[in-house]
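Undergrad: Next comes coords.pdb, PDB, C-alpha atoms, pLDDT in the B column:
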```
ATOM      1  CA  MET K   1     131.888   8.759  65.261  1.00 79.00           C
ATOM      2  CA  SER K   2     132.653   7.644  68.833  1.00 98.00           C
ATOM      3  CA  VAL K   3     135.173   4.833  69.378  1.00 98.00           C
ATOM      4  CA  ALA K   4     135.351   2.287  72.203  1.00 98.00           C
ATOM      5  CA  ILE K   5     137.698  -0.518  73.183  1.00 99.00           C
ATOM      6  CA  VAL K   6     135.893  -3.441  74.850  1.00 98.00           C
ATOM      7  CA  THR K   7     137.899  -6.299  76.350  1.00 98.00           C
ATOM      8  CA  GLY K   8     136.526  -9.756  76.996  1.00 98.00           C
ATOM      9  CA  ALA K   9     134.182  -9.072  74.093  1.00 98.00           C
ATOM     10  CA  SER K  10     133.696 -12.502  72.527  1.00 98.00           C
ATOM     11  CA  ARG K  11     130.910 -13.534  74.894  1.00 97.00           C
ATOM     12  CA  GLY K  12     128.987 -12.603  78.025  1.00 98.00           C
ATOM     13  CA  LEU K  13     128.845  -9.055  79.274  1.00 98.00           C
ATOM     14  CA  GLY K  14     131.624  -7.823  76.986  1.00 98.00           C
ATOM     15  CA  ARG K  15     129.786  -8.978  73.890  1.00 98.00           C
ATOM     16  CA  ALA K  16     126.509  -7.537  75.180  1.00 98.00           C
ATOM     17  CA  LEU K  17     128.110  -4.153  75.872  1.00 98.00           C
ATOM     18  CA  ALA K  18     129.714  -4.175  72.425  1.00 98.00           C
ATOM     19  CA  GLY K  19     126.342  -4.943  70.882  1.00 97.00           C
ATOM     20  CA  GLU K  20     124.672  -2.057  72.687  1.00 97.00           C
ATOM     21  CA  LEU K  21     127.425   0.349  71.659  1.00 98.00           C
ATOM     22  CA  ALA K  22     127.275  -0.806  68.038  1.00 97.00           C
ATOM     23  CA  ALA K  23     123.502  -0.301  68.031  1.00 95.00           C
ATOM     24  CA  ARG K  24     124.143   3.265  69.140  1.00 95.00           C
ATOM     25  CA  GLY K  25     126.557   3.859  66.267  1.00 95.00           C
ATOM     26  CA  TRP K  26     129.904   3.410  68.012  1.00 97.00           C
ATOM     27  CA  ASP K  27     132.964   2.105  66.185  1.00 97.00           C
ATOM     28  CA  LEU K  28     134.618  -0.671  68.174  1.00 98.00           C
ATOM     29  CA  VAL K  29     137.918  -2.365  68.885  1.00 98.00           C
ATOM     30  CA  LEU K  30     137.188  -5.762  70.442  1.00 98.00           C
ATOM     31  CA  SER K  31     139.580  -7.900  72.455  1.00 98.00           C
ATOM     32  CA  ALA K  32     139.411 -11.516  73.629  1.00 98.00           C
ATOM     33  CA  ARG K  33     141.764 -14.452  73.854  1.00 97.00           C
ATOM     34  CA  GLY K  34     139.787 -16.729  71.525  1.00 97.00           C
ATOM     35  CA  ALA K  35     140.321 -15.541  67.963  1.00 97.00           C
ATOM     36  CA  ALA K  36     137.512 -17.540  66.345  1.00 97.00           C
ATOM     37  CA  ALA K  37     134.825 -16.443  68.812  1.00 97.00           C
ATOM     38  CA  LEU K  38     136.055 -12.864  68.617  1.00 98.00           C
ATOM     39  CA  GLU K  39     135.913 -12.846  64.817  1.00 97.00           C
ATOM     40  CA  GLU K  40     132.366 -14.189  64.994  1.00 97.00           C
ATOM     41  CA  ALA K  41     131.312 -11.485  67.439  1.00 96.00           C
ATOM     42  CA  ALA K  42     132.884  -8.751  65.323  1.00 97.00           C
ATOM     43  CA  ALA K  43     131.261 -10.011  62.124  1.00 95.00           C
ATOM     44  CA  ALA K  44     127.851  -9.995  63.803  1.00 95.00           C
ATOM     45  CA  LEU K  45     128.226  -6.345  64.830  1.00 94.00           C
ATOM     46  CA  GLU K  46     129.792  -4.698  61.788  1.00 85.00           C
ATOM     47  CA  ARG K  47     127.546  -3.002  59.234  1.00 77.00           C
ATOM     48  CA  PRO K  48     128.847  -2.089  55.739  1.00 73.00           C
ATOM     49  CA  GLY K  49     129.047   1.676  55.438  1.00 73.00           C
ATOM     50  CA  GLY K  50     128.173   2.014  59.105  1.00 86.00           C
ATOM     51  CA  VAL K  51     129.732   0.694  62.289  1.00 93.00           C
ATOM     52  CA  HIS K  52     133.365  -0.406  62.019  1.00 96.00           C
ATOM     53  CA  VAL K  53     134.481  -3.255  64.259  1.00 97.00           C
ATOM     54  CA  VAL K  54     138.137  -4.286  64.579  1.00 98.00           C
ATOM     55  CA  PRO K  55     138.798  -7.612  66.360  1.00 98.00           C
ATOM     56  CA  VAL K  56     142.231  -7.932  67.964  1.00 98.00           C
ATOM     57  CA  ALA K  57     142.748 -11.327  69.586  1.00 98.00           C
ATOM     58  CA  GLY K  58     145.107 -11.554  72.523  1.00 98.00           C
ATOM     59  CA  ASP K  59     145.514 -11.426  76.290  1.00 98.00           C
ATOM     60  CA  VAL K  60     145.290  -8.105  78.139  1.00 98.00           C
ATOM     61  CA  SER K  61     148.141  -9.233  80.374  1.00 98.00           C
ATOM     62  CA  SER K  62     150.386  -8.760  77.319  1.00 98.00           C
ATOM     63  CA  GLY K  63     151.837  -5.305  76.761  1.00 98.00           C
ATOM     64  CA  GLU K  64     152.102  -6.008  73.047  1.00 98.00           C
ATOM     65  CA  HIS K  65     148.385  -6.801  72.877  1.00 98.00           C
ATOM     66  CA  ARG K  66     147.437  -3.677  74.818  1.00 98.00           C
ATOM     67  CA  ALA K  67     149.484  -1.551  72.422  1.00 98.00           C
ATOM     68  CA  ALA K  68     147.793  -3.227  69.446  1.00 98.00           C
ATOM     69  CA  LEU K  69     144.357  -2.371  70.830  1.00 98.00           C
ATOM     70  CA  VAL K  70     145.212   1.304  71.205  1.00 98.00           C
ATOM     71  CA  THR K  71     146.820   1.377  67.764  1.00 98.00           C
ATOM     72  CA  ALA K  72     143.598  -0.037  66.309  1.00 98.00           C
ATOM     73  CA  ALA K  73     141.551   2.641  68.095  1.00 98.00           C
ATOM     74  CA  ARG K  74     143.861   5.329  66.757  1.00 98.00           C
ATOM     75  CA  GLY K  75     143.216   3.944  63.287  1.00 98.00           C
ATOM     76  CA  LEU K  76     139.493   4.480  63.819  1.00 97.00           C
ATOM     77  CA  GLY K  77     140.076   8.101  64.759  1.00 98.00           C
ATOM     78  CA  GLY K  78     140.755   8.087  68.499  1.00 98.00           C
ATOM     79  CA  LEU K  79     139.277   6.679  71.688  1.00 98.00           C
ATOM     80  CA  ASP K  80     136.281   7.898  73.674  1.00 98.00           C
ATOM     81  CA  LEU K  81     135.585   4.913  75.945  1.00 99.00           C
ATOM     82  CA  LEU K  82     137.688   2.095  77.375  1.00 99.00           C
ATOM     83  CA  VAL K  83     135.729  -0.841  78.823  1.00 99.00           C
ATOM     84  CA  ASN K  84     137.911  -3.080  80.984  1.00 98.00           C
ATOM     85  CA  ASN K  85     135.710  -6.167  81.122  1.00 98.00           C
ATOM     86  CA  ALA K  86     138.156  -9.049  80.551  1.00 98.00           C
ATOM     87  CA  GLY K  87     138.680 -11.153  83.628  1.00 98.00           C
ATOM     88  CA  VAL K  88     139.577 -14.602  84.955  1.00 98.00           C
ATOM     89  CA  LEU K  89     138.488 -16.332  88.157  1.00 98.00           C
ATOM     90  CA  GLY K  90     141.866 -17.670  89.266  1.00 98.00           C
ATOM     91  CA  ALA K  91     140.393 -21.128  89.901  1.00 98.00           C
ATOM     92  CA  GLU K  92     137.581 -23.047  88.207  1.00 98.00           C
ATOM     93  CA  PRO K  93     135.541 -23.951  90.129  1.00 98.00           C
ATOM     94  CA  LEU K  94     136.201 -21.480  92.909  1.00 98.00           C
ATOM     95  CA  VAL K  95     137.859 -22.878  96.040  1.00 98.00           C
ATOM     96  CA  PRO K  96     138.547 -21.640  99.593  1.00 98.00           C
ATOM     97  CA  LEU K  97     141.610 -19.497 100.188  1.00 98.00           C
ATOM     98  CA  ALA K  98     143.219 -22.301 102.193  1.00 98.00           C
ATOM     99  CA  VAL K  99     143.678 -24.328  99.007  1.00 98.00           C
ATOM    100  CA  HIS K 100     143.595 -21.657  96.324  1.00 98.00           C
ATOM    101  CA  PRO K 101     146.426 -22.173  93.799  1.00 98.00           C
ATOM    102  CA  LEU K 102     148.843 -19.272  94.013  1.00 98.00           C
ATOM    103  CA  ASP K 103     149.589 -19.447  90.313  1.00 98.00           C
ATOM    104  CA  GLY K 104     145.878 -18.905  89.682  1.00 98.00           C
ATOM    105  CA  LEU K 105     145.883 -15.935  92.025  1.00 98.00           C
ATOM    106  CA  ARG K 106     148.853 -14.444  90.176  1.00 98.00           C
ATOM    107  CA  GLU K 107     147.110 -14.931  86.838  1.00 98.00           C
ATOM    108  CA  ALA K 108     143.945 -13.274  88.134  1.00 98.00           C
ATOM    109  CA  PHE K 109     145.892 -10.232  89.310  1.00 98.00           C
ATOM    110  CA  GLU K 110     147.829 -10.078  86.021  1.00 98.00           C
ATOM    111  CA  VAL K 111     144.644 -10.079  83.941  1.00 98.00           C
ATOM    112  CA  ASN K 112     142.104  -8.361  86.183  1.00 98.00           C
ATOM    113  CA  VAL K 113     144.340  -5.691  87.701  1.00 98.00           C
ATOM    114  CA  VAL K 114     147.709  -5.293  85.989  1.00 98.00           C
ATOM    115  CA  GLY K 115     146.307  -5.813  82.492  1.00 98.00           C
ATOM    116  CA  ALA K 116     143.431  -3.403  83.094  1.00 98.00           C
ATOM    117  CA  LEU K 117     145.711  -0.683  84.476  1.00 98.00           C
ATOM    118  CA  GLY K 118     148.230  -1.277  81.718  1.00 98.00           C
ATOM    119  CA  LEU K 119     145.542  -0.711  79.112  1.00 98.00           C
ATOM    120  CA  VAL K 120     144.450   2.480  80.841  1.00 98.00           C
ATOM    121  CA  GLN K 121     148.043   3.700  80.781  1.00 98.00           C
ATOM    122  CA  GLU K 122     148.394   2.848  77.094  1.00 98.00           C
ATOM    123  CA  ALA K 123     145.096   4.523  76.234  1.00 98.00           C
ATOM    124  CA  LEU K 124     145.418   7.687  78.341  1.00 98.00           C
ATOM    125  CA  PRO K 125     146.800   9.961  75.599  1.00 98.00           C
ATOM    126  CA  LEU K 126     143.820   9.191  73.356  1.00 98.00           C
ATOM    127  CA  LEU K 127     141.313   9.384  76.214  1.00 98.00           C
ATOM    128  CA  ARG K 128     142.669  12.746  77.350  1.00 98.00           C
ATOM    129  CA  ALA K 129     142.388  14.051  73.797  1.00 98.00           C
ATOM    130  CA  ALA K 130     138.742  12.975  73.480  1.00 98.00           C
ATOM    131  CA  GLU K 131     135.937  15.443  74.061  1.00 96.00           C
ATOM    132  CA  ALA K 132     134.524  13.241  76.823  1.00 97.00           C
ATOM    133  CA  GLY K 133     136.996  10.429  77.475  1.00 98.00           C
ATOM    134  CA  ALA K 134     135.775   7.718  79.835  1.00 98.00           C
ATOM    135  CA  VAL K 135     136.868   4.461  81.464  1.00 99.00           C
ATOM    136  CA  LEU K 136     134.390   1.774  82.553  1.00 99.00           C
ATOM    137  CA  ASN K 137     135.959  -0.876  84.780  1.00 98.00           C
ATOM    138  CA  ILE K 138     133.732  -3.879  85.458  1.00 98.00           C
ATOM    139  CA  SER K 139     133.665  -4.673  89.169  1.00 98.00           C
ATOM    140  CA  SER K 140     131.778  -7.207  91.299  1.00 98.00           C
ATOM    141  CA  ASP K 141     129.974  -7.331  94.609  1.00 97.00           C
ATOM    142  CA  ALA K 142     132.726  -9.781  95.571  1.00 98.00           C
ATOM    143  CA  ALA K 143     134.923  -6.671  95.831  1.00 98.00           C
ATOM    144  CA  VAL K 144     132.962  -5.455  98.851  1.00 98.00           C
ATOM    145  CA  VAL K 145     131.299  -8.566 100.361  1.00 98.00           C
ATOM    146  CA  ALA K 146     133.119 -11.551 101.899  1.00 98.00           C
ATOM    147  CA  TYR K 147     131.672 -14.542 100.037  1.00 98.00           C
ATOM    148  CA  ALA K 148     133.172 -17.955 100.727  1.00 98.00           C
ATOM    149  CA  THR K 149     135.369 -19.171  97.822  1.00 98.00           C
ATOM    150  CA  TRP K 150     135.274 -15.751  96.119  1.00 98.00           C
ATOM    151  CA  GLY K 151     138.213 -14.362  98.102  1.00 98.00           C
ATOM    152  CA  ALA K 152     140.924 -14.411  95.432  1.00 98.00           C
ATOM    153  CA  TYR K 153     138.729 -13.127  92.601  1.00 98.00           C
ATOM    154  CA  GLY K 154     137.162 -10.578  94.964  1.00 98.00           C
ATOM    155  CA  ALA K 155     140.603  -9.353  95.968  1.00 98.00           C
ATOM    156  CA  THR K 156     141.386  -8.518  92.342  1.00 98.00           C
ATOM    157  CA  LYS K 157     138.101  -6.636  92.004  1.00 98.00           C
ATOM    158  CA  ALA K 158     138.692  -4.750  95.253  1.00 98.00           C
ATOM    159  CA  ALA K 159     142.098  -3.728  93.922  1.00 98.00           C
ATOM    160  CA  GLY K 160     140.469  -2.628  90.672  1.00 98.00           C
ATOM    161  CA  ASP K 161     137.929  -0.534  92.577  1.00 98.00           C
ATOM    162  CA  LEU K 162     140.663   1.284  94.485  1.00 98.00           C
ATOM    163  CA  LEU K 163     142.702   1.894  91.337  1.00 98.00           C
ATOM    164  CA  SER K 164     139.568   3.232  89.642  1.00 98.00           C
ATOM    165  CA  GLY K 165     138.901   5.650  92.487  1.00 98.00           C
ATOM    166  CA  VAL K 166     142.452   6.939  92.457  1.00 98.00           C
ATOM    167  CA  LEU K 167     142.369   7.275  88.662  1.00 98.00           C
ATOM    168  CA  ALA K 168     139.228   9.392  88.972  1.00 98.00           C
ATOM    169  CA  VAL K 169     141.076  11.719  91.360  1.00 98.00           C
ATOM    170  CA  GLU K 170     144.229  11.868  89.261  1.00 98.00           C
ATOM    171  CA  GLU K 171     142.417  12.310  85.922  1.00 98.00           C
ATOM    172  CA  PRO K 172     139.591  14.768  86.683  1.00 98.00           C
ATOM    173  CA  GLY K 173     139.156  15.462  82.972  1.00 98.00           C
ATOM    174  CA  LEU K 174     137.935  11.877  82.436  1.00 98.00           C
ATOM    175  CA  ARG K 175     134.866  10.033  83.591  1.00 98.00           C
ATOM    176  CA  VAL K 176     135.930   6.906  85.492  1.00 98.00           C
ATOM    177  CA  TRP K 177     133.254   4.407  86.481  1.00 98.00           C
ATOM    178  CA  TRP K 178     133.657   1.112  88.299  1.00 98.00           C
ATOM    179  CA  ALA K 179     130.415  -0.796  88.009  1.00 98.00           C
ATOM    180  CA  ASP K 180     129.067  -3.998  89.534  1.00 98.00           C
ATOM    181  CA  PRO K 181     126.817  -5.776  87.006  1.00 98.00           C
ATOM    182  CA  GLY K 182     125.497  -8.238  89.589  1.00 97.00           C
ATOM    183  CA  SER K 183     125.291 -12.003  89.178  1.00 97.00           C
ATOM    184  CA  MET K 184     124.535 -12.971  85.583  1.00 97.00           C
ATOM    185  CA  ARG K 185     123.793 -16.083  83.569  1.00 96.00           C
ATOM    186  CA  THR K 186     127.244 -16.423  82.011  1.00 97.00           C
ATOM    187  CA  ARG K 187     129.818 -19.096  81.251  1.00 95.00           C
ATOM    188  CA  MET K 188     132.095 -17.561  83.904  1.00 96.00           C
ATOM    189  CA  MET K 189     129.419 -17.851  86.585  1.00 96.00           C
ATOM    190  CA  ALA K 190     128.756 -21.449  85.590  1.00 96.00           C
ATOM    191  CA  ALA K 191     132.485 -22.198  85.807  1.00 97.00           C
ATOM    192  CA  ALA K 192     132.743 -20.505  89.198  1.00 97.00           C
ATOM    193  CA  GLU K 193     129.956 -22.513  90.806  1.00 95.00           C
ATOM    194  CA  PRO K 194     129.106 -25.575  88.688  1.00 95.00           C
ATOM    195  CA  GLY K 195     125.845 -27.192  89.586  1.00 89.00           C
ATOM    196  CA  GLU K 196     124.200 -23.940  90.692  1.00 92.00           C
ATOM    197  CA  ASP K 197     120.880 -23.080  89.068  1.00 95.00           C
ATOM    198  CA  LEU K 198     121.476 -19.852  87.136  1.00 96.00           C
ATOM    199  CA  THR K 199     118.092 -19.635  85.418  1.00 96.00           C
ATOM    200  CA  ALA K 200     116.825 -16.878  87.707  1.00 96.00           C
ATOM    201  CA  LEU K 201     119.829 -14.640  87.014  1.00 97.00           C
ATOM    202  CA  ALA K 202     119.773 -11.759  84.546  1.00 97.00           C
ATOM    203  CA  THR K 203     121.385 -12.226  81.156  1.00 98.00           C
ATOM    204  CA  PRO K 204     124.243  -9.951  80.053  1.00 98.00           C
ATOM    205  CA  GLU K 205     121.923  -8.537  77.390  1.00 98.00           C
ATOM    206  CA  GLU K 206     119.544  -7.422  80.146  1.00 98.00           C
ATOM    207  CA  VAL K 207     122.327  -5.816  82.185  1.00 98.00           C
ATOM    208  CA  ALA K 208     124.274  -4.005  79.442  1.00 98.00           C
ATOM    209  CA  PRO K 209     121.718  -1.207  78.771  1.00 98.00           C
ATOM    210  CA  ALA K 210     121.708  -0.272  82.458  1.00 98.00           C
ATOM    211  CA  LEU K 211     125.496   0.018  82.580  1.00 98.00           C
ATOM    212  CA  LEU K 212     125.528   2.145  79.444  1.00 98.00           C
ATOM    213  CA  ARG K 213     123.419   4.763  81.195  1.00 98.00           C
ATOM    214  CA  LEU K 214     126.802   5.842  82.538  1.00 98.00           C
ATOM    215  CA  VAL K 215     127.934   6.672  79.012  1.00 98.00           C
ATOM    216  CA  ALA K 216     124.680   7.993  77.624  1.00 97.00           C
ATOM    217  CA  GLU K 217     124.110  10.379  80.512  1.00 97.00           C
ATOM    218  CA  GLY K 218     127.744  11.165  81.321  1.00 97.00           C
ATOM    219  CA  LEU K 219     127.216  10.340  84.991  1.00 98.00           C
ATOM    220  CA  PRO K 220     129.905  11.457  87.465  1.00 98.00           C
ATOM    221  CA  SER K 221     132.908   9.278  88.205  1.00 98.00           C
ATOM    222  CA  GLY K 222     132.208   6.711  90.907  1.00 98.00           C
ATOM    223  CA  ARG K 223     131.082   3.212  91.822  1.00 98.00           C
ATOM    224  CA  TYR K 224     127.732   2.050  90.491  1.00 98.00           C
ATOM    225  CA  THR K 225     125.618  -1.089  90.431  1.00 98.00           C
ATOM    226  CA  ALA K 226     123.475  -2.281  87.549  1.00 98.00           C
ATOM    227  CA  ASP K 227     120.509  -2.654  89.904  1.00 97.00           C
ATOM    228  CA  ALA K 228     120.675   1.009  90.922  1.00 97.00           C
ATOM    229  CA  LEU K 229     121.162   2.149  87.345  1.00 98.00           C
ATOM    230  CA  SER K 230     118.192   0.026  86.229  1.00 95.00           C
ATOM    231  CA  ALA K 231     116.079   1.637  88.916  1.00 92.00           C
ATOM    232  CA  GLY K 232     117.047   5.073  87.606  1.00 86.00           C
ATOM    233  CA  ALA K 233     119.339   5.977  90.497  1.00 70.00           C
ATOM    234  CA  GLY K 234     122.487   7.932  89.736  1.00 64.00           C
TER     235      GLY K 234
END
```
As structure tokens, please, write out the structure in this file.
TA:
Amino acid sequence: MSVAIVTGASRGLGRALAGELAARGWDLVLSARGAAALEEAAAALERPGGVHVVPVAGDVSSGEHRAALVTAARGLGGLDLLVNNAGVLGAEPLVPLAVHPLDGLREAFEVNVVGALGLVQEALPLLRAAEAGAVLNISSDAAVVAYATWGAYGATKAAGDLLSGVLAVEEPGLRVWWADPGSMRTRMMAAAEPGEDLTALATPEEVAPALLRLVAEGLPSGRYTADALSAGAG
């Protein structure tokens, strides 16, 4: 049985990715800060005698929490896939750089960059031991396009993209993907730009199957977009 860790898994894209993996028979370790929502998500995915789902509430910026996630994966038999999906905006709603709170910027880097890399470091022994160990880091088009008010969040995603690329070079035995899911109808998007009409955006449940082409087909390490994956492009 394959095992994955998915962070930010209580709602949105993280929950959708966890659902897709569970449907494909993966055992899961789920992380999120809200214990009640995480427990609910885990209960909805677990099947007696089938898929095992272990919820571990906490913040990925905490080293203790990251260690607990990897310990839980070890208890399920190892780790084949790490999905770094947890993230924060740094300011809600988003604001221009001229007035962006620096404490919010620090928090965004701690969660989106330091926490993600810390979890990779913690998980590397298990990933290296897996038959086809892989890391999926969730990126954003804000990492590569200069959108007004998205500068601080985009900076964290740009940093994550670079770290992902270097990790792919340094760990050639792993698959390392950094993937842009595109704009989605999520609570985070609503918090980023309140008042915007999100009805035309894709749902996380529509995006997740495209991203998991990376896993199903073992595509090469690199940067991908959900749109390209949906269209069948590698």
Undergrad: Would you mind listing what lies within 12 Å of segment 114-121 of chain K as a ChimeraX atom specification, with all atoms listed in the file counted and same-chain residues fewer than 6 positions away left out?
TA: /K:5-8,31,58-71,79,81-88,106-108,127-128,133-139,156-157,159-164,166-168,171,174,176,178
Undergrad: Go ahead and compute the interatomic distance for atom CA of Gly222 of chain K and atom CA of Ala158 of chain K, in Å to one decimal.
TA: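 Interatomic distance, atom CA of Gly222 of chain K to atom CA of Ala158 of chain K: 13.9 Å.
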Undergrad: Applied to this file, what does the PyMOL selection byres ((chain K and resi 207) around 12) return in terms of residues, put as a tab-separated table (two decimals) with C-alpha atoms, in the coordinates of the input?
TA:
```tsv
chain	number	residue	atom	x	y	z
K	12	GLY	CA	128.99	-12.60	78.03
K	13	LEU	CA	128.84	-9.06	79.27
K	14	GLY	CA	131.62	-7.82	76.99
K	15	ARG	CA	129.79	-8.98	73.89
K	16	ALA	CA	126.51	-7.54	75.18
K	17	LEU	CA	128.11	-4.15	75.87
K	20	GLU	CA	124.67	-2.06	72.69
K	179	ALA	CA	130.42	-0.80	88.01
K	180	ASP	CA	129.07	-4.00	89.53
K	181	PRO	CA	126.82	-5.78	87.01
K	182	GLY	CA	125.50	-8.24	89.59
K	183	SER	CA	125.29	-12.00	89.18
K	184	MET	CA	124.54	-12.97	85.58
K	185	ARG	CA	123.79	-16.08	83.57
K	186	THR	CA	127.24	-16.42	82.01
K	201	LEU	CA	119.83	-14.64	87.01
K	202	ALA	CA	119.77	-11.76	84.55
K	203	THR	CA	121.38	-12.23	81.16
K	204	PRO	CA	124.24	-9.95	80.05
K	205	GLU	CA	121.92	-8.54	77.39
K	206	GLU	CA	119.54	-7.42	80.15
K	208	ALA	CA	124.27	-4.00	79.44
K	209	PRO	CA	121.72	-1.21	78.77
K	210	ALA	CA	121.71	-0.27	82.46
K	211	LEU	CA	125.50	0.02	82.58
K	212	LEU	CA	125.53	2.14	79.44
K	213	ARG	CA	123.42	4.76	81.19
K	225	THR	CA	125.62	-1.09	90.43
K	226	ALA	CA	123.48	-2.28	87.55
K	227	ASP	CA	120.51	-2.65	89.90
K	228	ALA	CA	120.68	1.01	90.92
K	229	LEU	CA	121.16	2.15	87.34
K	230	SER	CA	118.19	0.03	86.23
K	231	ALA	CA	116.08	1.64	88.92
```
Undergrad: Near segment 145-149 of chain K, counting all atoms listed in the file, which residues have an atom at most 7 Å away, once you skip same-chain residues fewer than 4 positions from it, shown as a PyMOL selection string?
TA: chain K and resi 94-97+141
Undergrad: Where does the PyMOL selection byres ((chain K and resi 126) around 8) land in this file, that is, which residues does it pick, as a list in words?
TA: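 Given this file, the PyMOL selection byres ((chain K and resi 126) around 8) evaluates to Arg74, Gly78, Leu79, Asp80, Ala123, Leu124, Pro125, Leu127, Arg128, Ala129 and Ala130 of chain K.
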Undergrad: Give the answer as one residue: which of K:Val169, K:Ala132, K:Met1, K:Pro48 has the shortest atom-to-atom distance to Leu76 of chain K, using all atoms listed in the file?
TA: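 Smallest separation from Leu76 of chain K among the options: K:Met1.
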Undergrad: Applying 12 Å and all atoms listed in the file, which residues near Arg47 of chain K remain after dropping the ones on its own chain fewer than 4 positions away? List them as a PyMOL selection string.
TA: chain K and resi 19+22-23+25-28+42-43+51-54
Undergrad: Could you tell me how far atom CA of Gly90 of chain K sits from atom CA of Ala73 of chain K, in Å to one decimal place?
TA: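 About the pair atom CA of Ala73 of chain K and atom CA of Gly90 of chain K: they are 29.3 Å apart.
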Undergrad: For atom CA of Met189 of chain K and atom CA of Val113 of chain K, quote the distance in Å rounded to one decimal.
TA: 19.3 Å
Undergrad: Could you pull the residues within 8 Å of Ser10 of chain K, counting only C-alpha atoms, minus those fewer than 4 positions along the same chain, as a PyMOL selection string?
TA: chain K and resi 14-15+30-32+34+37-38+40-41
Undergrad: Within 12 Å of (125.9, 11.9, 85.7), in the coordinates the file gives, what residues turn up when you count only C-alpha atoms, written out as a list in words?
TA: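 So the residues meeting the distance criterion are Arg175, Val176, Trp177, Leu212, Arg213, Leu214, Val215, Ala216, Glu217, Gly218, Leu219, Pro220, Ser221, Gly222, Arg223, Tyr224, Leu229, Gly232, Ala233 and Gly234 of chain K.
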Undergrad: Those residues with C-alpha atoms, as a CSV table (one decimal), keeping the file's coordinate frame please?
TA:
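Ended up saving to selection34.csv:
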```
chain,number,residue,atom,x,y,z
K,175,ARG,CA,134.9,10.0,83.6
K,176,VAL,CA,135.9,6.9,85.5
K,177,TRP,CA,133.3,4.4,86.5
K,212,LEU,CA,125.5,2.1,79.4
K,213,ARG,CA,123.4,4.8,81.2
K,214,LEU,CA,126.8,5.8,82.5
K,215,VAL,CA,127.9,6.7,79.0
K,216,ALA,CA,124.7,8.0,77.6
K,217,GLU,CA,124.1,10.4,80.5
K,218,GLY,CA,127.7,11.2,81.3
K,219,LEU,CA,127.2,10.3,85.0
K,220,PRO,CA,129.9,11.5,87.5
K,221,SER,CA,132.9,9.3,88.2
K,222,GLY,CA,132.2,6.7,90.9
K,223,ARG,CA,131.1,3.2,91.8
K,224,TYR,CA,127.7,2.0,90.5
K,229,LEU,CA,121.2,2.1,87.3
K,232,GLY,CA,117.0,5.1,87.6
K,233,ALA,CA,119.3,6.0,90.5
K,234,GLY,CA,122.5,7.9,89.7
```
